[in-house]
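This report concerns only the one structure given below.
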Protein chains: 4
Amino acid sequence: MNKMKSGRVVLLLLLCWNVANFAVIAAAPQTCPANLQGQCGESEEWKGEFFPGIPKIKYEGPNSKNHLAFKWYNAEEVILGKKMKDWMRFSVAFWHTFRGTGGDPFGGPTKFWPWEDGTNSVAMAKRRMRANFEFLNKIGVDYWCFHDRDIAPEGDTLKESNEYLDEVVALAKELQGSKIKPLWGTAQLFVQPRYMHGAATSSELGVYAYAAAQVKKAMDVTNYLGGENYVFWGGREGYQTLLNTDMERELNHLASFFHSAVAYKKKIGFNGTLLIEPKPQEPTKHQYDWDAATAANFLRKYGLLGEFKLNIECNHATLSGHSCHHELETARINGLLGNIDANTGDPQVGWDTDQFLTDISEATMVMLSVIRNGGIAPGGFNFDAKLRRESTDVEDIFIAHIVGMDTLARGLRSAAKLVEEGSLTELVRKRYESFDSEIGKKIEAGDADLEFLEKKALEWGEPKVPSAKQELAEMLFQSAL
Amino acid sequence: MNKMKSGRVVLLLLLCWNVANFAVIAAAPQTCPANLQGQCGESEEWKGEFFPGIPKIKYEGPNSKNHLAFKWYNAEEVILGKKMKDWMRFSVAFWHTFRGTGGDPFGGPTKFWPWEDGTNSVAMAKRRMRANFEFLNKIGVDYWCFHDRDIAPEGDTLKESNEYLDEVVALAKELQGSKIKPLWGTAQLFVQPRYMHGAATSSELGVYAYAAAQVKKAMDVTNYLGGENYVFWGGREGYQTLLNTDMERELNHLASFFHSAVAYKKKIGFNGTLLIEPKPQEPTKHQYDWDAATAANFLRKYGLLGEFKLNIECNHATLSGHSCHHELETARINGLLGNIDANTGDPQVGWDTDQFLTDISEATMVMLSVIRNGGIAPGGFNFDAKLRRESTDVEDIFIAHIVGMDTLARGLRSAAKLVEEGSLTELVRKRYESFDSEIGKKIEAGDADLEFLEKKALEWGEPKVPSAKQELAEMLFQSAL
Amino acid sequence: MNKMKSGRVVLLLLLCWNVANFAVIAAAPQTCPANLQGQCGESEEWKGEFFPGIPKIKYEGPNSKNHLAFKWYNAEEVILGKKMKDWMRFSVAFWHTFRGTGGDPFGGPTKFWPWEDGTNSVAMAKRRMRANFEFLNKIGVDYWCFHDRDIAPEGDTLKESNEYLDEVVALAKELQGSKIKPLWGTAQLFVQPRYMHGAATSSELGVYAYAAAQVKKAMDVTNYLGGENYVFWGGREGYQTLLNTDMERELNHLASFFHSAVAYKKKIGFNGTLLIEPKPQEPTKHQYDWDAATAANFLRKYGLLGEFKLNIECNHATLSGHSCHHELETARINGLLGNIDANTGDPQVGWDTDQFLTDISEATMVMLSVIRNGGIAPGGFNFDAKLRRESTDVEDIFIAHIVGMDTLARGLRSAAKLVEEGSLTELVRKRYESFDSEIGKKIEAGDADLEFLEKKALEWGEPKVPSAKQELAEMLFQSAL
Amino acid sequence: MNKMKSGRVVLLLLLCWNVANFAVIAAAPQTCPANLQGQCGESEEWKGEFFPGIPKIKYEGPNSKNHLAFKWYNAEEVILGKKMKDWMRFSVAFWHTFRGTGGDPFGGPTKFWPWEDGTNSVAMAKRRMRANFEFLNKIGVDYWCFHDRDIAPEGDTLKESNEYLDEVVALAKELQGSKIKPLWGTAQLFVQPRYMHGAATSSELGVYAYAAAQVKKAMDVTNYLGGENYVFWGGREGYQTLLNTDMERELNHLASFFHSAVAYKKKIGFNGTLLIEPKPQEPTKHQYDWDAATAANFLRKYGLLGEFKLNIECNHATLSGHSCHHELETARINGLLGNIDANTGDPQVGWDTDQFLTDISEATMVMLSVIRNGGIAPGGFNFDAKLRRESTDVEDIFIAHIVGMDTLARGLRSAAKLVEEGSLTELVRKRYESFDSEIGKKIEAGDADLEFLEKKALEWGEPKVPSAKQELAEMLFQSAL
């Protein structure tokens, strides 16, 4: 009963995918629709700048009132022995910044950027890529992230899609020059209806194969562009109800898929880090990579530990009931902190809002983890954040990235202050000093059995238990902001 | 900087609104796009049935294994003195059933119904309307609900939109015959980008006026079709952040808007009930009609009490932190229970999933409120519920409605059993019987002052406080399922 | 079957109420239990200071490293034309600070302050009151808040309880001197088992009367001490399940109760403001005063508007799904902002944690509302916040209050900066300026009917809708922190 | 500054631990407090029955109106080849049923059972143990669960505590006879203030040793009583804020602790299963055993897999954002499903309510997992559920357990019906049948590399993706209820 009437109808409907707030146009009319009467651009040409009137963004310091200047991010300034830009390794997310339409489940697109002609042609894709590089240059960011289907249209066949991708990627390579490269690339395996039951966890074998082919190509392309990482966000790897799902079989398939990707990576000599991006829910009721601990369990169970790290997104963290700081620390102590998707959610909202982080406390905690991790390279901070639907000026794209970068830079400054001042670190160290004793070492070495410990407990009597000094810790933390 | 490049580009983008999970095509190419090469239907003609092979759905009783039969809903059967169909007054939601595409924030459409040709033409709208009436007839439901923009395309101008609407409505009127009519109609004031800041609460005067015009027309049309109610769901009446919002001014505007609607209703002699549909969040961070109590406060504050009732949606109830039963009871005891949007959410999910209710406990509690309310007429149960994105067979539309209707019918049967058996009612009555005394009556009449009560308290000594018997109440409740 | 074995057993059990994290000892052995063998203090005497070694807390400015000094709160400094202390009107919550035991649902008390002797005698109550005033003096706060049963033990009879209360209150009056007074008093109507079904909403008449008597006495006492407000937090006014509850009857009783309280207030000439404190859940599944809008609806429905204001607690706000800022603004625009219970919750935690607020963004938003309200007097900021269970040093009491006061003071400074700088205010004003037109005024006056608006909409064509500039608003906000 | 004034004062305060809703009296006055004047029982004697008038509970079938009879649980009836009692292996939780006081964070105890004398003496402990066995006998349950400190008081020293425990355990052994035994035992490591920073994860070495000693003894005692499992619920193994916490070091300690427990188990020849009970939050902000996946990751990371299984609690599942069904399935497919703590929470409430499960849909899903697991032995269903605070009749203890047992029994009947009828199983099997092909097997064996899959994808073209039939699955599921 679900036979599609006509390939052409499908094509038209697919055109509409750019509506959704994440979605990316995946299939394209290569020619201009009739009702546009030839008004849509069939060339990638664009006269002059994409962002006329917007200069290269400079650091002007905290007292600047200029919306189009950095107040806290000073790329070359050295903090704790490293340049700010090397701590941050900022990246622009192509999908949000250049394919976000402002659509949401209750509304259509609100962004009508001047350079868009309403088509999803290869020509338009190339024009958009030029806009991307102008933006990167003006905002002063050296990394970008992309999905295959963000940057080039999906064709009628996989072969055609790959050809379109190659064409756009060739341009991107040229525009990158020697300075810019992808922080990571990925395959978009969730917008197209074929992926409605998942990609690697789809109940359909053909979909699994299709997804594998897409990953292969996306990894090739990422490698070609010099990408430093490759990400797996399992957009629809999960379930809507257990009643119709064989969860164990789906997870087994997912593991096979990842093993194949690891083998391919090695085969082609791609040196980037493979990253899994946990998310608890949305679009499915349960996403298999729920949180850092769940992803770690999966990697260990299926013998994949050592082959992957994690890409922690703050908004995903809070949706899973954890603070972002918790997820970063969980990843870190499992040796899995690979990259950060820098964004935030609304604390009272139960879905992914992907807002630019503007909270300085949160930013400081994030940077504490990064400092503790000795930096985040070869990962970085990707702005997986989008303009609010109601922010429709071109300059809003700049303002959003500036405040996002400034917030994390301010977080770095505060975190460095905390580290240098040392009181908070000392408070924590002191809490555990009883374990720095001989018996503490015995316990930590796994040499203290229950009988020994019981003997000590009987000997020592009631232990003294000091205050945890939480309010003092909070006072010390706040004093650095 | 936000100048739209060309009306035509906008048109094409607007075409894409049917992607989102609620969204409805609002602007239409009246002709077939070039790339479809004339394949799309320019006529409303459709050969034969829309749902061939699916018979009129009949009641076959609880032992039936037929997916396309009712097991619990027996329209003419009398329960507690009223026919089941008169208790339920079921209604089909045109938008979910005929305009739902399966799109979500991470994916494109998945429904490609055979009768759809990929356009949003008036011809297609009329063909779709015929499908609607075949469906109503086969499923055995006498009411339907619609937004203006669901049933007819938006034109280039308001005038054109109104003309399209009139054309489709004329057909609907004809197809309704004498038996079928709208449970309610409404204006869709949230998909089009002009409504991105709200409609009645938009910061833009022109948008307020546009919304008013749309409501006027939608009320005219609802009246013309014999609709029994008119609904206001404030799709974007709310805010994303208080930092850029004048909440007080926005609420004042909303009240003015409602006063104008009341006046117009009276002027045209529309006898239907005006209904406000509370929802706490989504798409905005805070929707002004958060829950039943919030809406009631608004109505009282602005002198609108008596002019409106509430349309309670179960999924909205749970998103606001209440049980559906709570919201129904709150509406009921405020004299505001007007209609029920019958659906459910996922208890672990923080957004509106609009699922068909299949939980029999929940259905029983819902029906207890309806029975206590003496029925729900002139309201009813509108299935504001949609097929899961992954349910793509035409028969799924029937299966979903059947299980939804059966669940509520089963709830009615269980609730009636509870009412007739009487133990639960008696348990509640007994809990409060100390207030049936003379002093209890004095308190309830507002005649007991603190001095009098203190005197009694001193005289009586420590009060006896019996068990609340919650587990017994739950046992009695479950025994009726 | 629920007969209590012996009054004496009950007494012993009641002694244990101080375990819970809110709870207050309500019934007391007046003599020292046998197993303490005369070690417990039967006199209120206490040698020397309660907080030896802790000086009067002074303002030392942001660069101070002294944990026992203010860095941001400078009581006499003038901000926006008013002294900081007059903006803040800080108050110490007697129950948390002097009766909090550190107990929680999974653990016993952790606070063993030196001045406590383990009894709930009147002598101990008086000694504790002296500690309170030493604390107020050292921390530099002029207001305190209390429940009747916090400050004096519950006796065997209501009469006895009232006598104990009088005795302790007489001492408090003396200790207050001319400078200190209660910000508010209240009756504690939730710890004692008689209140397990509620107080004013109990199913038992005798409990209703007992609660009325307690409120009468608590209001008398608050009036006698010069209290500026009187609070109703309906600790158990709510339900656990609707299955055994007559919600409408309970709400009617609650309204009668409030009417009696209003009458009594007028009769005794108490000039303080009556305050209702909303909370959504906990201890009950549904608390009747869910949030500000729900409380406002209740007041309007029962003709109580004008007699009450609201006491907004930030942690209660977030538990109800709103930001604290939202609840403050909702109260404000309903003319109901009366007092603020200054605390915060954990954004990932689903129960009331009553933490001291240390977040400077939140504090700034709170202070924006207070400034907009023209101050909060005769209300103030009551620290309805408690030490973490694990904070067990006496100095932690000071540290917690200092960081709480400093945070709000820092919030005031940032909010003032925003107000004085003006950009954010201007951004908001400009958003709505289309309504400052003639037609805007007509709408706001309620004089624009649907026909008129439709005419305008047709005339104007598609409205222009500018960007909401949310990211810019967030940038401006952050720049003031 | 935190010096405790006097051991005796502490003793008195500790007496009060029974207030909290979980808490168990941990330290006891061995003699009767002065103010009880010798009224408290110093002997374990109790005249006649503890539950006079309550007969042995019998199965009477679904039509019975007798509150004190089973309607669905028929212990000896065979379902799917096994007796109901062998599927269920019900257990009574000593702490909730015999030590629950009804206290909550806002209120004191409400339960005053006739056999309680208000003391925490050994004599009272023994009397209570007799009540437990009368209850087990009357309700027809063969297993019970306990914490060390539930069943015997804590003494002044660890040695004394152990002696008390031995004395009470000797009586329990005698009362058990040949039929009854513990489903599991455990050490209570969270009520006493020494555990405020955790037990195995405490920052204090002395506390770690004390906890180890308690576990050693509790395991000895469980073994002695023939317990079939031993549980670790890490009551305070977690953190309140990361600012003062060294999470990595704490987790390392926890692993050492578990390794020691495993070694001891083997040494003493205890054959029971060791179980970890996940819980996400409460009392701490983050509990280390957040959910099944987190616990599994921990076990794998620290080489403990194979030594532990999981005890899944439904209320903990939902607090962690998962359905109970999800947690059971996650445990099952990780080979870790060991036991079920049968209870439920309130879907709108953010804390552990530990209610008796009365929802038949939920019960059916739970039993589907158990059937799939081939049963739950040597685990079982422990009623980690408590009477509501307001349920204060002795008969309520029976009613609650009866409805809890009946609900799960009804779930078993419905699940068996689903399994026997087969349609739902078939629907799931069919969804994945494309993987039953040769290429599917190749994928599942890990032999399909990306190149091979790409080749197939190019060859096959666009895959067909059938409907997921969720509504049909829900219809089939409901039809079995």
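Please note that chains go A, B, ... in the order of the structure tokens, that every chain numbers its residues from 1, and that ligands are numbered from 1 in the order shown.
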*Could you please write out, as a ChimeraX atom specification, every residue of stretch 206-285 of chain D that DSSP assigns to strand (DSSP E)?*
/D:229-232,238-239,273-276
*asked:* Distance limit 7 Å, atoms considered: only C-alpha atoms. Which chain A residues sit that close to chain D? Return them as JSON, numbers by chain.
replied: {"A": [157, 158, 194, 203, 204, 205, 206, 207, 209, 210, 212, 213, 216, 243, 244, 245, 246, 248, 253, 256, 260, 261, 264, 293, 294, 296, 297, 300, 333, 428, 431, 432, 434, 435, 440, 443, 444, 446, 449, 450, 453, 454, 456, 457, 458, 461, 463, 465, 470, 473]}
Keeping only N, CA and C atoms, write the selected residues as a short mmCIF file (atom, residue, chain, number, x, y, z; two decimals), in the first residue's frame.
```cif
data_model
loop_
_atom_site.label_atom_id
_atom_site.label_comp_id
_atom_site.auth_asym_id
_atom_site.auth_seq_id
_atom_site.Cartn_x
_atom_site.Cartn_y
_atom_site.Cartn_z
N THR A 157 20.47 8.91 -7.99
CA THR A 157 21.09 7.64 -7.61
C THR A 157 22.27 7.95 -6.70
N LEU A 158 22.72 6.94 -6.03
CA LEU A 158 23.88 7.08 -5.16
C LEU A 158 25.09 7.56 -5.97
N ARG A 194 14.41 6.90 3.55
CA ARG A 194 14.94 5.52 3.62
C ARG A 194 15.51 5.23 5.00
N SER A 203 15.84 -1.86 10.19
CA SER A 203 15.39 -3.25 10.06
C SER A 203 15.59 -3.76 8.62
N GLU A 204 15.96 -2.86 7.72
CA GLU A 204 16.13 -3.24 6.32
C GLU A 204 17.60 -3.35 5.91
N LEU A 205 17.97 -4.48 5.42
CA LEU A 205 19.32 -4.74 4.95
C LEU A 205 19.79 -3.74 3.89
N GLY A 206 18.91 -3.41 2.97
CA GLY A 206 19.28 -2.50 1.89
C GLY A 206 19.65 -1.12 2.42
N VAL A 207 19.01 -0.74 3.48
CA VAL A 207 19.30 0.57 4.07
C VAL A 207 20.65 0.54 4.75
N ALA A 209 23.17 -1.25 3.88
CA ALA A 209 24.18 -1.18 2.83
C ALA A 209 24.32 0.24 2.28
N TYR A 210 23.18 0.88 2.10
CA TYR A 210 23.18 2.25 1.57
C TYR A 210 23.94 3.18 2.52
N ALA A 212 26.21 2.31 4.66
CA ALA A 212 27.63 1.96 4.61
C ALA A 212 28.32 2.66 3.44
N ALA A 213 27.64 2.66 2.31
CA ALA A 213 28.20 3.30 1.12
C ALA A 213 28.36 4.80 1.36
N LYS A 216 31.33 5.37 3.66
CA LYS A 216 32.58 5.18 2.92
C LYS A 216 32.95 6.45 2.15
N LEU A 243 7.98 -2.30 21.54
CA LEU A 243 7.00 -3.31 21.12
C LEU A 243 7.30 -3.86 19.73
N ASN A 244 7.85 -3.02 18.85
CA ASN A 244 8.12 -3.51 17.50
C ASN A 244 9.62 -3.62 17.20
N THR A 245 10.44 -3.64 18.24
CA THR A 245 11.90 -3.53 18.05
C THR A 245 12.68 -4.71 18.63
N ASP A 246 13.66 -5.19 17.88
CA ASP A 246 14.61 -6.18 18.40
C ASP A 246 15.90 -5.44 18.73
N GLU A 248 18.44 -5.93 20.68
CA GLU A 248 19.72 -6.63 20.69
C GLU A 248 20.27 -6.79 19.27
N HIS A 253 24.01 -5.07 14.88
CA HIS A 253 24.24 -4.49 13.55
C HIS A 253 25.08 -3.22 13.64
N SER A 256 28.67 -4.12 14.06
CA SER A 256 29.26 -4.58 12.79
C SER A 256 29.59 -3.40 11.90
N SER A 260 33.29 -2.24 10.49
CA SER A 260 33.60 -2.03 9.08
C SER A 260 34.19 -0.64 8.84
N ALA A 261 33.67 0.36 9.56
CA ALA A 261 34.18 1.71 9.38
C ALA A 261 35.62 1.81 9.87
N TYR A 264 37.88 0.27 7.32
CA TYR A 264 38.03 1.12 6.14
C TYR A 264 38.95 2.30 6.43
N ALA A 293 28.40 7.34 29.16
CA ALA A 293 28.58 6.03 29.79
C ALA A 293 27.97 4.92 28.92
N THR A 294 26.83 5.20 28.33
CA THR A 294 26.18 4.21 27.46
C THR A 294 27.05 3.93 26.24
N ALA A 296 30.26 4.34 26.05
CA ALA A 296 31.46 3.65 26.51
C ALA A 296 31.16 2.16 26.71
N ASN A 297 30.00 1.86 27.29
CA ASN A 297 29.63 0.46 27.48
C ASN A 297 29.53 -0.27 26.15
N ARG A 300 33.02 -0.93 24.76
CA ARG A 300 33.69 -2.01 25.47
C ARG A 300 33.08 -3.36 25.13
N ILE A 333 37.48 10.72 31.97
CA ILE A 333 38.07 9.68 32.82
C ILE A 333 37.92 8.29 32.20
N VAL A 428 39.79 20.39 46.89
CA VAL A 428 39.49 19.02 46.44
C VAL A 428 40.60 18.06 46.87
N ARG A 431 40.33 17.08 50.44
CA ARG A 431 39.22 16.20 50.82
C ARG A 431 39.63 14.74 50.83
N TYR A 432 40.53 14.37 49.91
CA TYR A 432 40.85 12.95 49.73
C TYR A 432 42.18 12.57 50.36
N SER A 434 43.20 11.54 53.07
CA SER A 434 43.34 10.33 53.90
C SER A 434 43.71 9.12 53.04
N PHE A 435 43.41 9.19 51.76
CA PHE A 435 43.77 8.08 50.87
C PHE A 435 45.22 8.18 50.36
N GLY A 440 45.63 3.84 52.41
CA GLY A 440 44.92 4.35 51.24
C GLY A 440 45.53 3.78 49.97
N ILE A 443 44.54 0.21 49.49
CA ILE A 443 43.18 0.11 48.94
C ILE A 443 43.18 0.39 47.44
N GLU A 444 43.85 1.46 47.09
CA GLU A 444 43.83 1.86 45.67
C GLU A 444 44.56 0.84 44.79
N GLY A 446 44.22 -2.25 45.28
CA GLY A 446 43.39 -3.45 45.27
C GLY A 446 43.90 -4.53 46.22
N ASP A 449 41.76 -6.45 51.66
CA ASP A 449 40.57 -7.31 51.65
C ASP A 449 39.62 -6.95 52.79
N LEU A 450 38.44 -7.53 52.76
CA LEU A 450 37.42 -7.13 53.74
C LEU A 450 37.85 -7.44 55.17
N LEU A 453 40.17 -4.72 56.31
CA LEU A 453 39.45 -3.46 56.51
C LEU A 453 38.58 -3.52 57.75
N GLU A 454 37.98 -4.68 58.00
CA GLU A 454 37.17 -4.83 59.20
C GLU A 454 38.06 -4.66 60.44
N LYS A 456 40.71 -2.93 60.75
CA LYS A 456 41.00 -1.50 60.91
C LYS A 456 39.79 -0.75 61.45
N ALA A 457 38.64 -1.06 60.92
CA ALA A 457 37.43 -0.36 61.34
C ALA A 457 37.18 -0.58 62.84
N LEU A 458 37.39 -1.83 63.29
CA LEU A 458 37.20 -2.13 64.71
C LEU A 458 38.23 -1.39 65.55
N GLY A 461 37.50 2.74 65.47
CA GLY A 461 36.26 3.31 66.01
C GLY A 461 35.61 4.26 65.01
N PRO A 463 34.75 6.92 62.54
CA PRO A 463 35.60 7.82 61.76
C PRO A 463 35.15 9.28 61.86
N VAL A 465 34.38 12.71 60.04
CA VAL A 465 33.94 13.03 58.69
C VAL A 465 33.81 14.53 58.55
N GLN A 470 30.74 22.62 50.27
CA GLN A 470 30.20 22.91 48.93
C GLN A 470 30.01 24.40 48.72
N ALA A 473 33.22 25.99 48.01
CA ALA A 473 33.65 25.67 46.64
C ALA A 473 32.91 26.55 45.64
#
```
*asked:* Please list as a list in words every residue within 9 Å of A:Phe90, counting only C-alpha atoms and excluding residues in the same chain fewer than 2 positions away.
replied: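 Returned residues: Lys85, Asp86, Trp87, Met88, Val92, Val141, Asp142, Tyr143, Trp144, Leu183, Gly380, Phe381, Asn382, Phe383 and Met405 of chain A.
Interatomic distance, atom CA of A:Trp46 against atom CA of A:Arg127: 7.0 Å.
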*If we count only C-alpha atoms, what is near B:Arg413 at a cut-off of 10 Å, once residues fewer than 4 positions away on the same chain are taken out, given as a PyMOL selection string?*
chain B and resi 72-73+79-80+84+363-364+367+407-409+417-419+480-481
